[in-house]
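> Structure supplied as target11.cif; contents: mmCIF, C-alpha atoms, pLDDT in the B column; chains and numbers go by the auth columns.
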```cif
data_work
loop_
_atom_site.group_PDB
_atom_site.id
_atom_site.type_symbol
_atom_site.label_atom_id
_atom_site.label_comp_id
_atom_site.label_asym_id
_atom_site.label_seq_id
_atom_site.Cartn_x
_atom_site.Cartn_y
_atom_site.Cartn_z
_atom_site.B_iso_or_equiv
_atom_site.auth_seq_id
_atom_site.auth_asym_id
ATOM 1 C CA MET A 1 141.937 67.778 257.560 90.00 299 V
ATOM 2 C CA LYS A 2 144.748 65.511 258.725 95.00 300 V
ATOM 3 C CA ILE A 3 145.108 61.927 257.491 96.00 301 V
ATOM 4 C CA LEU A 4 147.332 59.555 259.454 97.00 302 V
ATOM 5 C CA VAL A 5 148.544 56.576 257.419 98.00 303 V
ATOM 6 C CA THR A 6 150.242 53.612 259.075 97.00 304 V
ATOM 7 C CA VAL A 7 153.225 51.996 257.359 97.00 305 V
ATOM 8 C CA LYS A 8 154.827 48.657 258.208 96.00 306 V
ATOM 9 C CA ARG A 9 158.216 47.359 257.055 96.00 307 V
ATOM 10 C CA VAL A 10 157.741 43.796 255.787 95.00 308 V
ATOM 11 C CA PRO A 11 159.787 41.237 253.820 94.00 309 V
ATOM 12 C CA ASP A 12 159.529 41.552 250.038 93.00 310 V
ATOM 13 C CA PRO A 13 156.556 39.359 249.032 90.00 311 V
ATOM 14 C CA ASN A 14 158.569 38.204 246.003 91.00 312 V
ATOM 15 C CA ALA A 15 161.441 36.919 248.180 90.00 313 V
ATOM 16 C CA THR A 16 161.834 33.292 249.195 88.00 314 V
ATOM 17 C CA ILE A 17 161.123 33.131 252.921 88.00 315 V
ATOM 18 C CA LYS A 18 162.976 30.502 254.959 90.00 316 V
ATOM 19 C CA VAL A 19 162.094 29.486 258.508 91.00 317 V
ATOM 20 C CA LYS A 20 164.938 29.132 261.007 91.00 318 V
ATOM 21 C CA PRO A 21 165.756 25.506 261.892 88.00 319 V
ATOM 22 C CA ASP A 22 164.511 25.985 265.470 89.00 320 V
ATOM 23 C CA GLY A 23 161.246 27.588 264.277 88.00 321 V
ATOM 24 C CA SER A 24 161.855 30.778 266.266 87.00 322 V
ATOM 25 C CA GLY A 25 161.488 33.070 263.247 87.00 323 V
ATOM 26 C CA ILE A 26 162.502 33.571 259.648 89.00 324 V
ATOM 27 C CA VAL A 27 166.001 33.910 258.198 91.00 325 V
ATOM 28 C CA THR A 28 166.566 37.638 257.659 88.00 326 V
ATOM 29 C CA ASP A 29 170.084 37.563 256.191 88.00 327 V
ATOM 30 C CA ASN A 30 170.144 39.433 252.855 87.00 328 V
ATOM 31 C CA LEU A 31 166.341 39.728 252.982 91.00 329 V
ATOM 32 C CA LYS A 32 164.884 42.732 251.140 94.00 330 V
ATOM 33 C CA TYR A 33 162.183 44.769 252.881 95.00 331 V
ATOM 34 C CA VAL A 34 159.391 46.875 251.384 96.00 332 V
ATOM 35 C CA VAL A 35 156.310 48.841 252.414 96.00 333 V
ATOM 36 C CA ASN A 36 153.486 46.462 253.332 96.00 334 V
ATOM 37 C CA PRO A 37 151.468 46.333 250.046 96.00 335 V
ATOM 38 C CA PHE A 38 148.164 47.077 251.823 96.00 336 V
ATOM 39 C CA ASP A 39 149.746 50.131 253.498 97.00 337 V
ATOM 40 C CA GLU A 40 151.037 51.313 250.122 96.00 338 V
ATOM 41 C CA ILE A 41 147.416 51.342 248.904 96.00 339 V
ATOM 42 C CA ALA A 42 146.449 53.336 252.021 96.00 340 V
ATOM 43 C CA ILE A 43 149.150 55.919 251.207 97.00 341 V
ATOM 44 C CA GLU A 44 147.878 56.189 247.631 95.00 342 V
ATOM 45 C CA GLU A 45 144.307 56.667 248.831 94.00 343 V
ATOM 46 C CA ALA A 46 145.348 59.422 251.246 95.00 344 V
ATOM 47 C CA LEU A 47 147.213 61.212 248.460 95.00 345 V
ATOM 48 C CA ARG A 48 144.165 60.985 246.167 93.00 346 V
ATOM 49 C CA ILE A 49 141.960 62.469 248.885 93.00 347 V
ATOM 50 C CA LYS A 50 144.491 65.259 249.338 93.00 348 V
ATOM 51 C CA GLU A 51 144.732 65.945 245.611 92.00 349 V
ATOM 52 C CA LYS A 52 140.951 66.064 245.277 88.00 350 V
ATOM 53 C CA GLY A 53 141.014 69.224 247.401 80.00 351 V
ATOM 54 C CA GLY A 54 140.366 70.395 250.926 70.00 352 V
ATOM 55 C CA GLY A 55 143.972 70.955 251.997 79.00 353 V
ATOM 56 C CA ALA A 56 144.531 67.612 253.706 88.00 354 V
ATOM 57 C CA GLU A 57 147.878 66.861 255.340 95.00 355 V
ATOM 58 C CA VAL A 58 149.133 63.290 254.965 97.00 356 V
ATOM 59 C CA VAL A 59 151.234 62.072 257.899 97.00 357 V
ATOM 60 C CA LEU A 60 152.876 58.635 257.848 97.00 358 V
ATOM 61 C CA ALA A 61 153.502 56.632 261.018 97.00 359 V
ATOM 62 C CA SER A 62 155.553 53.494 261.520 97.00 360 V
ATOM 63 C CA ILE A 63 156.857 51.414 264.420 97.00 361 V
ATOM 64 C CA GLY A 64 160.130 49.518 264.477 94.00 362 V
ATOM 65 C CA ALA A 65 163.880 49.848 264.263 94.00 363 V
ATOM 66 C CA LYS A 66 165.687 52.730 262.561 94.00 364 V
ATOM 67 C CA GLU A 67 165.657 50.748 259.315 94.00 365 V
ATOM 68 C CA SER A 68 161.907 51.410 259.046 95.00 366 V
ATOM 69 C CA ALA A 69 162.806 54.975 258.013 96.00 367 V
ATOM 70 C CA GLU A 70 163.560 53.543 254.553 95.00 368 V
ATOM 71 C CA GLN A 71 159.897 52.603 254.032 96.00 369 V
ATOM 72 C CA LEU A 72 158.728 55.953 255.400 97.00 370 V
ATOM 73 C CA ARG A 73 161.001 57.725 252.901 96.00 371 V
ATOM 74 C CA THR A 74 159.323 55.706 250.154 96.00 372 V
ATOM 75 C CA GLY A 75 155.922 57.042 251.267 96.00 373 V
ATOM 76 C CA LEU A 76 157.296 60.578 251.488 97.00 374 V
ATOM 77 C CA ALA A 77 158.635 60.230 247.952 96.00 375 V
ATOM 78 C CA MET A 78 155.134 59.211 246.807 96.00 376 V
ATOM 79 C CA GLY A 79 153.889 62.563 248.130 95.00 377 V
ATOM 80 C CA ALA A 80 153.153 62.343 251.874 97.00 378 V
ATOM 81 C CA ASP A 81 153.938 65.511 253.838 96.00 379 V
ATOM 82 C CA ARG A 82 155.863 64.178 256.866 97.00 380 V
ATOM 83 C CA ALA A 83 156.464 61.037 258.888 97.00 381 V
ATOM 84 C CA ILE A 84 156.799 59.751 262.443 97.00 382 V
ATOM 85 C CA LEU A 85 158.860 56.691 263.370 97.00 383 V
ATOM 86 C CA VAL A 86 158.292 55.181 266.817 97.00 384 V
ATOM 87 C CA LEU A 87 161.544 53.410 267.645 97.00 385 V
ATOM 88 C CA ALA A 88 160.830 50.007 269.178 94.00 386 V
ATOM 89 C CA ASP A 89 163.125 46.987 269.042 89.00 387 V
ATOM 90 C CA GLN A 90 160.985 44.741 271.222 88.00 388 V
ATOM 91 C CA PRO A 91 158.338 42.428 269.737 87.00 389 V
ATOM 92 C CA LEU A 92 154.821 43.906 269.601 92.00 390 V
ATOM 93 C CA ASP A 93 151.465 42.239 269.134 94.00 391 V
ATOM 94 C CA SER A 94 148.395 43.805 267.494 95.00 392 V
ATOM 95 C CA LEU A 95 147.149 45.388 270.745 96.00 393 V
ATOM 96 C CA GLY A 96 150.504 46.987 271.548 96.00 394 V
ATOM 97 C CA THR A 97 150.707 48.332 268.013 96.00 395 V
ATOM 98 C CA ALA A 98 147.147 49.706 268.238 97.00 396 V
ATOM 99 C CA ARG A 99 147.941 51.459 271.524 97.00 397 V
ATOM 100 C CA ILE A 100 150.904 53.249 269.962 97.00 398 V
ATOM 101 C CA PHE A 101 148.842 54.360 266.967 97.00 399 V
ATOM 102 C CA GLU A 102 146.075 55.477 269.353 97.00 400 V
ATOM 103 C CA LYS A 103 148.577 57.772 271.064 97.00 401 V
ATOM 104 C CA LEU A 104 149.803 59.163 267.731 97.00 402 V
ATOM 105 C CA ALA A 105 146.263 59.691 266.414 97.00 403 V
ATOM 106 C CA LYS A 106 145.327 61.655 269.535 97.00 404 V
ATOM 107 C CA ASP A 107 148.550 63.690 269.607 96.00 405 V
ATOM 108 C CA GLU A 108 148.202 64.529 265.916 96.00 406 V
ATOM 109 C CA GLN A 109 144.451 65.173 266.240 96.00 407 V
ATOM 110 C CA ALA A 110 143.939 63.110 263.112 96.00 408 V
ATOM 111 C CA ASP A 111 140.584 63.305 261.319 95.00 409 V
ATOM 112 C CA LEU A 112 141.070 60.001 259.504 96.00 410 V
ATOM 113 C CA VAL A 113 143.365 57.004 260.015 97.00 411 V
ATOM 114 C CA LEU A 114 143.999 54.937 256.886 96.00 412 V
ATOM 115 C CA MET A 115 145.565 51.493 257.311 96.00 413 V
ATOM 116 C CA GLY A 116 146.199 48.400 255.281 96.00 414 V
ATOM 117 C CA LYS A 117 143.677 45.752 256.315 95.00 415 V
ATOM 118 C CA GLN A 118 146.549 43.470 257.317 94.00 416 V
ATOM 119 C CA ALA A 119 150.312 43.090 257.112 94.00 417 V
ATOM 120 C CA ILE A 120 151.628 40.359 254.845 93.00 418 V
ATOM 121 C CA ASP A 121 154.167 39.115 257.384 90.00 419 V
ATOM 122 C CA ASP A 122 151.816 38.109 260.233 88.00 420 V
ATOM 123 C CA ASP A 123 148.399 38.342 258.486 90.00 421 V
ATOM 124 C CA CYS A 124 146.744 39.239 261.825 91.00 422 V
ATOM 125 C CA ASN A 125 144.140 41.665 260.430 93.00 423 V
ATOM 126 C CA GLN A 126 143.442 43.026 263.928 95.00 424 V
ATOM 127 C CA THR A 127 145.201 46.349 264.461 96.00 425 V
ATOM 128 C CA GLY A 128 142.695 48.554 262.615 96.00 426 V
ATOM 129 C CA GLN A 129 139.735 47.142 264.501 97.00 427 V
ATOM 130 C CA MET A 130 141.557 47.402 267.847 97.00 428 V
ATOM 131 C CA LEU A 131 142.615 50.979 267.109 97.00 429 V
ATOM 132 C CA ALA A 132 139.027 52.034 266.366 97.00 430 V
ATOM 133 C CA ALA A 133 137.857 50.426 269.623 97.00 431 V
ATOM 134 C CA LEU A 134 140.580 52.129 271.689 97.00 432 V
ATOM 135 C CA LEU A 135 139.787 55.516 270.153 97.00 433 V
ATOM 136 C CA GLY A 136 136.031 54.996 270.299 97.00 434 V
ATOM 137 C CA TRP A 137 135.827 55.987 266.622 97.00 435 V
ATOM 138 C CA PRO A 138 133.662 54.453 263.873 96.00 436 V
ATOM 139 C CA GLN A 139 135.455 52.080 261.539 95.00 437 V
ATOM 140 C CA ALA A 140 135.070 50.747 258.006 94.00 438 V
ATOM 141 C CA THR A 141 137.165 47.726 257.073 93.00 439 V
ATOM 142 C CA PHE A 142 138.219 46.258 253.717 92.00 440 V
ATOM 143 C CA ALA A 143 137.557 49.432 251.705 93.00 441 V
ATOM 144 C CA SER A 144 137.340 48.469 248.060 90.00 442 V
ATOM 145 C CA LYS A 145 136.133 50.089 244.872 84.00 443 V
ATOM 146 C CA ALA A 146 133.127 49.449 242.643 70.00 444 V
ATOM 147 C CA GLU A 147 134.785 50.350 239.396 75.00 445 V
ATOM 148 C CA ALA A 148 137.334 48.163 237.685 76.00 446 V
ATOM 149 C CA LEU A 149 140.859 49.474 238.040 80.00 447 V
ATOM 150 C CA ASP A 150 140.877 50.305 234.323 81.00 448 V
ATOM 151 C CA SER A 151 137.734 52.442 234.668 82.00 449 V
ATOM 152 C CA ASP A 152 137.627 56.176 233.955 82.00 450 V
ATOM 153 C CA ALA A 153 137.538 56.834 237.720 81.00 451 V
ATOM 154 C CA GLU A 154 140.732 54.873 238.206 83.00 452 V
ATOM 155 C CA LYS A 155 142.405 56.496 235.207 84.00 453 V
ATOM 156 C CA GLN A 156 141.582 59.900 236.723 83.00 454 V
ATOM 157 C CA GLY A 157 143.009 58.794 240.081 84.00 455 V
ATOM 158 C CA LEU A 158 139.804 59.506 241.982 84.00 456 V
ATOM 159 C CA PRO A 159 139.686 58.267 245.594 86.00 457 V
ATOM 160 C CA GLY A 160 137.496 55.342 246.603 88.00 458 V
ATOM 161 C CA VAL A 161 137.113 56.746 250.118 89.00 459 V
ATOM 162 C CA VAL A 162 135.104 59.944 249.657 89.00 460 V
ATOM 163 C CA LEU A 163 135.083 62.592 252.384 88.00 461 V
ATOM 164 C CA SER A 164 132.242 65.068 252.667 85.00 462 V
ATOM 165 C CA GLY A 165 132.201 67.531 255.543 84.00 463 V
ATOM 166 C CA LYS A 166 132.318 65.519 258.757 91.00 464 V
ATOM 167 C CA SER A 167 131.612 62.118 257.192 93.00 465 V
ATOM 168 C CA ALA A 168 133.244 59.555 254.908 92.00 466 V
ATOM 169 C CA LYS A 169 131.582 57.274 252.382 92.00 467 V
ATOM 170 C CA VAL A 170 133.384 53.949 252.094 93.00 468 V
ATOM 171 C CA LEU A 171 132.716 51.095 249.692 89.00 469 V
ATOM 172 C CA ARG A 172 133.689 47.661 251.031 87.00 470 V
ATOM 173 C CA GLU A 173 133.559 44.087 249.880 81.00 471 V
ATOM 174 C CA VAL A 174 131.174 41.671 251.534 84.00 472 V
ATOM 175 C CA ASP A 175 130.221 38.127 250.644 84.00 473 V
ATOM 176 C CA GLY A 176 128.549 38.227 247.269 81.00 474 V
ATOM 177 C CA GLY A 177 128.841 41.933 246.579 81.00 475 V
ATOM 178 C CA LEU A 178 129.718 45.424 247.752 82.00 476 V
ATOM 179 C CA GLU A 179 128.422 47.479 250.656 89.00 477 V
ATOM 180 C CA THR A 180 128.472 51.280 250.975 91.00 478 V
ATOM 181 C CA LEU A 181 128.969 52.690 254.463 92.00 479 V
ATOM 182 C CA GLU A 182 128.788 56.275 255.675 94.00 480 V
ATOM 183 C CA ILE A 183 130.656 56.974 258.885 94.00 481 V
ATOM 184 C CA GLY A 184 131.313 60.097 260.904 95.00 482 V
ATOM 185 C CA LEU A 185 134.787 61.585 261.272 94.00 483 V
ATOM 186 C CA PRO A 186 137.159 61.036 262.940 96.00 484 V
ATOM 187 C CA ALA A 187 137.250 57.407 261.855 96.00 485 V
ATOM 188 C CA VAL A 188 139.489 54.438 261.071 97.00 486 V
ATOM 189 C CA VAL A 189 139.398 52.897 257.586 96.00 487 V
ATOM 190 C CA THR A 190 141.328 49.801 256.530 96.00 488 V
ATOM 191 C CA VAL A 191 141.882 49.220 252.816 95.00 489 V
ATOM 192 C CA ASP A 192 141.814 46.176 250.565 92.00 490 V
ATOM 193 C CA LEU A 193 143.819 45.319 247.469 88.00 491 V
ATOM 194 C CA ARG A 194 141.347 46.458 244.796 86.00 492 V
ATOM 195 C CA LEU A 195 140.951 50.006 246.099 91.00 493 V
ATOM 196 C CA ASN A 196 143.563 51.591 243.828 92.00 494 V
ATOM 197 C CA THR A 197 146.877 51.136 242.074 91.00 495 V
ATOM 198 C CA PRO A 198 149.700 52.842 244.029 94.00 496 V
ATOM 199 C CA ARG A 199 151.833 55.292 242.099 94.00 497 V
ATOM 200 C CA TYR A 200 155.570 54.969 241.653 92.00 498 V
ATOM 201 C CA ALA A 201 157.765 57.488 243.423 90.00 499 V
ATOM 202 C CA SER A 202 159.184 59.926 240.852 91.00 500 V
ATOM 203 C CA LEU A 203 162.795 61.061 240.895 92.00 501 V
ATOM 204 C CA PRO A 204 161.802 64.623 241.949 92.00 502 V
ATOM 205 C CA GLY A 205 159.650 63.028 244.655 92.00 503 V
ATOM 206 C CA ILE A 206 162.616 60.991 245.898 94.00 504 V
ATOM 207 C CA MET A 207 164.774 64.130 246.013 93.00 505 V
ATOM 208 C CA LYS A 208 162.089 66.093 247.898 93.00 506 V
ATOM 209 C CA ALA A 209 161.585 63.235 250.372 93.00 507 V
ATOM 210 C CA ARG A 210 165.142 63.717 251.684 92.00 508 V
ATOM 211 C CA LYS A 211 164.190 67.157 253.005 94.00 509 V
ATOM 212 C CA LYS A 212 160.800 66.258 254.476 95.00 510 V
ATOM 213 C CA GLU A 213 160.386 65.881 258.234 96.00 511 V
ATOM 214 C CA LEU A 214 160.867 62.379 259.650 97.00 512 V
ATOM 215 C CA LYS A 215 160.491 62.551 263.408 96.00 513 V
ATOM 216 C CA GLU A 216 161.837 59.722 265.568 97.00 514 V
ATOM 217 C CA VAL A 217 160.122 58.984 268.902 96.00 515 V
ATOM 218 C CA PRO A 218 161.384 56.326 271.380 96.00 516 V
ATOM 219 C CA VAL A 219 158.505 54.054 272.341 95.00 517 V
ATOM 220 C CA ALA A 220 159.476 54.380 276.032 94.00 518 V
ATOM 221 C CA SER A 221 158.749 58.116 275.891 95.00 519 V
ATOM 222 C CA LEU A 222 155.084 57.441 275.082 95.00 520 V
ATOM 223 C CA GLY A 223 154.412 55.956 278.532 93.00 521 V
ATOM 224 C CA LEU A 224 152.342 53.050 277.203 95.00 522 V
ATOM 225 C CA ASP A 225 151.970 49.433 278.264 93.00 523 V
ATOM 226 C CA VAL A 226 152.826 47.605 275.051 93.00 524 V
ATOM 227 C CA ALA A 227 153.886 44.274 276.563 93.00 525 V
ATOM 228 C CA PRO A 228 152.650 41.576 274.154 92.00 526 V
ATOM 229 C CA ARG A 229 149.681 39.438 275.207 93.00 527 V
ATOM 230 C CA VAL A 230 150.248 37.061 272.309 91.00 528 V
ATOM 231 C CA LYS A 231 153.339 34.870 271.977 88.00 529 V
ATOM 232 C CA ILE A 232 154.397 32.992 268.854 88.00 530 V
ATOM 233 C CA HIS A 233 155.684 29.607 269.969 91.00 531 V
ATOM 234 C CA LYS A 234 156.917 28.225 266.688 90.00 532 V
ATOM 235 C CA LEU A 235 156.927 28.790 262.939 91.00 533 V
ATOM 236 C CA ALA A 236 156.911 25.902 260.474 90.00 534 V
ATOM 237 C CA PRO A 237 157.164 25.932 256.668 86.00 535 V
ATOM 238 C CA PRO A 238 154.295 24.431 254.677 84.00 536 V
ATOM 239 C CA PRO A 239 154.744 20.800 253.570 84.00 537 V
ATOM 240 C CA ALA A 240 156.552 20.396 250.269 84.00 538 V
ATOM 241 C CA ARG A 241 154.153 20.071 247.360 83.00 539 V
ATOM 242 C CA GLN A 242 154.211 16.633 245.756 82.00 540 V
ATOM 243 C CA ALA A 243 154.791 16.269 242.037 86.00 541 V
ATOM 244 C CA GLY A 244 151.697 15.702 239.918 86.00 542 V
ATOM 245 C CA ARG A 245 151.180 12.805 237.524 86.00 543 V
ATOM 246 C CA LYS A 246 149.095 12.149 234.447 91.00 544 V
ATOM 247 C CA VAL A 247 146.364 9.539 234.300 91.00 545 V
ATOM 248 C CA ALA A 248 145.220 7.737 231.175 93.00 546 V
ATOM 249 C CA SER A 249 141.454 8.088 231.571 93.00 547 V
ATOM 250 C CA VAL A 250 138.634 9.629 233.561 93.00 548 V
ATOM 251 C CA GLU A 251 137.970 6.236 235.145 92.00 549 V
ATOM 252 C CA GLU A 252 141.545 6.089 236.418 92.00 550 V
ATOM 253 C CA LEU A 253 141.283 9.672 237.700 93.00 551 V
ATOM 254 C CA VAL A 254 138.157 8.825 239.693 93.00 552 V
ATOM 255 C CA GLN A 255 139.825 5.731 241.106 92.00 553 V
ATOM 256 C CA VAL A 256 142.937 7.677 242.155 90.00 554 V
ATOM 257 C CA LEU A 257 140.874 10.434 243.791 90.00 555 V
ATOM 258 C CA HIS A 258 138.875 7.774 245.641 92.00 556 V
ATOM 259 C CA THR A 259 141.573 5.305 246.716 90.00 557 V
ATOM 260 C CA GLU A 260 144.712 7.458 247.006 86.00 558 V
ATOM 261 C CA ALA A 261 143.695 11.082 247.539 82.00 559 V
ATOM 262 C CA LYS A 262 140.516 10.022 249.361 84.00 560 V
ATOM 263 C CA VAL A 263 138.730 13.246 248.382 85.00 561 V
ATOM 264 C CA ILE A 264 135.658 11.553 246.861 83.00 562 V
#
```
Written as structure tokens, how would this file's structure read?

Amino acid sequence: MKILVTVKRVPDPNATIKVKPDGSGIVTDNLKYVVNPFDEIAIEEALRIKEKGGGAEVVLASIGAKESAEQLRTGLAMGADRAILVLADQPLDSLGTARIFEKLAKDEQADLVLMGKQAIDDDCNQTGQMLAALLGWPQATFASKAEALDSDAEKQGLPGVVLSGKSAKVLREVDGGLETLEIGLPAVVTVDLRLNTPRYASLPGIMKARKKELKEVPVASLGLDVAPRVKIHKLAPPPARQAGRKVASVEELVQVLHTEAKVI
């Protein structure tokens, strides 16, 4: 059993993001980067599947500049076995990214690809679905968990994606409830926030991660057409929030909502 987990380097969600004056991107000076939070949950889920038994190998894969090795080392310190970094400095859209992961999944002969359902920097939520289509594999998106995160199952670190032989049982959120899917392997599963709580990397784990394999592969060597089909024309910050004010009565509130806010 081999589990391929995708990892994206994204700006720290706790950082203040500023858009460049010309709208061509965000200001990256002194910006801290982390593992995409959804991908961190995917890593945790892969490790739980591995620890449950069956001898799974957890392989991390990322695309980007050499700096992305930092986020892969974080995943290796959590417990992943090895990592692959596809070096690419050019901009990529969701389809180009999916094509690269398709190549890696085939080369690695992965049985399961675990991905965050989206990256917090572009919020596209497309790559997992595109990857499954390119591979011709079944997919289950937005994997979640029935139990509360303080349940006995969570305390025992049990996986929410359960593998059995050549199939996987995946619980996912739908409008108004939860849905249980059973899909054949190999498959692509994207994970949601409530699936698990990622572990912290221990100091021994950080020391071991330095010696684990991190293979770098130039994107040009893959022989793929990854030219973007989608172009971002401009970024703009949200409008500044106006200060609130207190009203003296319900009647005044209704009048303000009707005449000024025009919401009723």
> List as a PyMOL selection string the protein and nucleic acid residues near Ala408 (chain V), meaning an atom at most 12 Å away when all atoms listed in the file are counted, but skip any in the same chain fewer than 3 places from it.
chain V and resi 299-303+354-359+399-405+411-412+433+435+483-486
> Let me know the residues the PyMOL selection byres ((chain V and resi 346-348) around 8) catches in the file above, as a ChimeraX atom specification.
/V:342-345,349-356,455-457,459-461
> Of the candidates V:Ile481, V:Val515, V:Ile530, V:Val305, which one gets nearest to Gly463 (chain V) if we count all atoms listed in the file?
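So, comparing all the options, the nearest one is V:Ile481.
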> Please evaluate the PyMOL selection byres ((chain V and resi 534) around 8) against the structure above and give the resulting residues as a list in words.
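For this structure, the PyMOL selection byres ((chain V and resi 534) around 8) resolves to Val317, Gly321, Lys532, Leu533, Pro535 and Pro536 of chain V.
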> Taking the file as shown, find all residues satisfying the PyMOL selection byres ((chain V and resi 360-369) around 6) and write them as a list in words.
Thr304, Val305, Lys306, Arg307, Val333, Ala359, Leu370, Arg371, Thr372, Leu383, Val384, Leu385, Ala386 and Asp387 of chain V
> Using C-alpha atoms, can you export the residues from the last selection as a PDB file, in the frame of the given file?

```pdb
ATOM      1  CA  THR V 304     150.242  53.612 259.075  1.00 97.00           C
ATOM      2  CA  VAL V 305     153.225  51.996 257.359  1.00 97.00           C
ATOM      3  CA  LYS V 306     154.827  48.657 258.208  1.00 96.00           C
ATOM      4  CA  ARG V 307     158.216  47.359 257.055  1.00 96.00           C
ATOM      5  CA  VAL V 333     156.310  48.841 252.414  1.00 96.00           C
ATOM      6  CA  ALA V 359     153.502  56.632 261.018  1.00 97.00           C
ATOM      7  CA  LEU V 370     158.728  55.953 255.400  1.00 97.00           C
ATOM      8  CA  ARG V 371     161.001  57.725 252.901  1.00 96.00           C
ATOM      9  CA  THR V 372     159.323  55.706 250.154  1.00 96.00           C
ATOM     10  CA  LEU V 383     158.860  56.691 263.370  1.00 97.00           C
ATOM     11  CA  VAL V 384     158.292  55.181 266.817  1.00 97.00           C
ATOM     12  CA  LEU V 385     161.544  53.410 267.645  1.00 97.00           C
ATOM     13  CA  ALA V 386     160.830  50.007 269.178  1.00 94.00           C
ATOM     14  CA  ASP V 387     163.125  46.987 269.042  1.00 89.00           C
TER      15      ASP V 387
END
```
> Would you mind telling me which residue in V:Cys422, V:Thr495, V:Thr488, V:Val561 lies nearest to Ala451 (chain V) when using only C-alpha atoms?
V:Thr495
> Quick one: distance from CA of Val472 (chain V) to CA of Asp391 (chain V) in Å, one decimal?
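Here the two named atoms are 26.9 Å from each other.
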> So how far away is CA of Phe440 (chain V) from CA of Asp490 (chain V), in Å?
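According to the coordinates, CA of Asp490 (chain V) and CA of Phe440 (chain V) are separated by 4.8 Å.
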> Can you tell me how far CA of Ile339 (chain V) sits from CA of Asn423 (chain V), in Å to one decimal?
15.4 Å
> Which protein, DNA or RNA residues have an atom at most 10 Å from (156.4, 57.6, 241.4), counting all atoms listed in the file? List them as a list in words.
Thr372, Gly373, Ala375, Met376, Gly377, Pro496, Arg497, Tyr498, Ala499, Ser500, Leu501, Pro502, Gly503 and Ile504 of chain V
> Can you tell me, as a VMD selection string, what residues are no more than 7 Å from Leu512 (chain V) when counting only C-alpha atoms, ignoring any on the same chain fewer than 3 positions away?
chain V and resid 380 to 382
> How about saving the chosen residues, C-alpha atoms kept, as a CSV table (one decimal), in the coordinates of the input?

```
chain,number,residue,atom,x,y,z
V,380,ARG,CA,155.9,64.2,256.9
V,381,ALA,CA,156.5,61.0,258.9
V,382,ILE,CA,156.8,59.8,262.4
```
> Mind working out the centre and edge lengths of an axis-aligned box for region 360-370 of chain V, all listed atoms inside, 5 Å added to each side, rounded to one decimal in Å and written as JSON?

```
{"center_x": 160.6, "center_y": 52.7, "center_z": 259.3, "size_x": 20.1, "size_y": 16.4, "size_z": 20.4}
```
> Excluding same-chain residues fewer than 6 positions from region 541-546 of chain V, what lies within 12 Å of it counting only C-alpha atoms, as a list in words?
Val552, Gln553, Val554, Leu555 and Ala559 of chain V
> When you count only C-alpha atoms, which of these residues is closest to Pro389 (chain V): V:Leu476, V:Ile562, V:Val517, V:Ile341?
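Closest to Pro389 (chain V) of all the choices is V:Val517.
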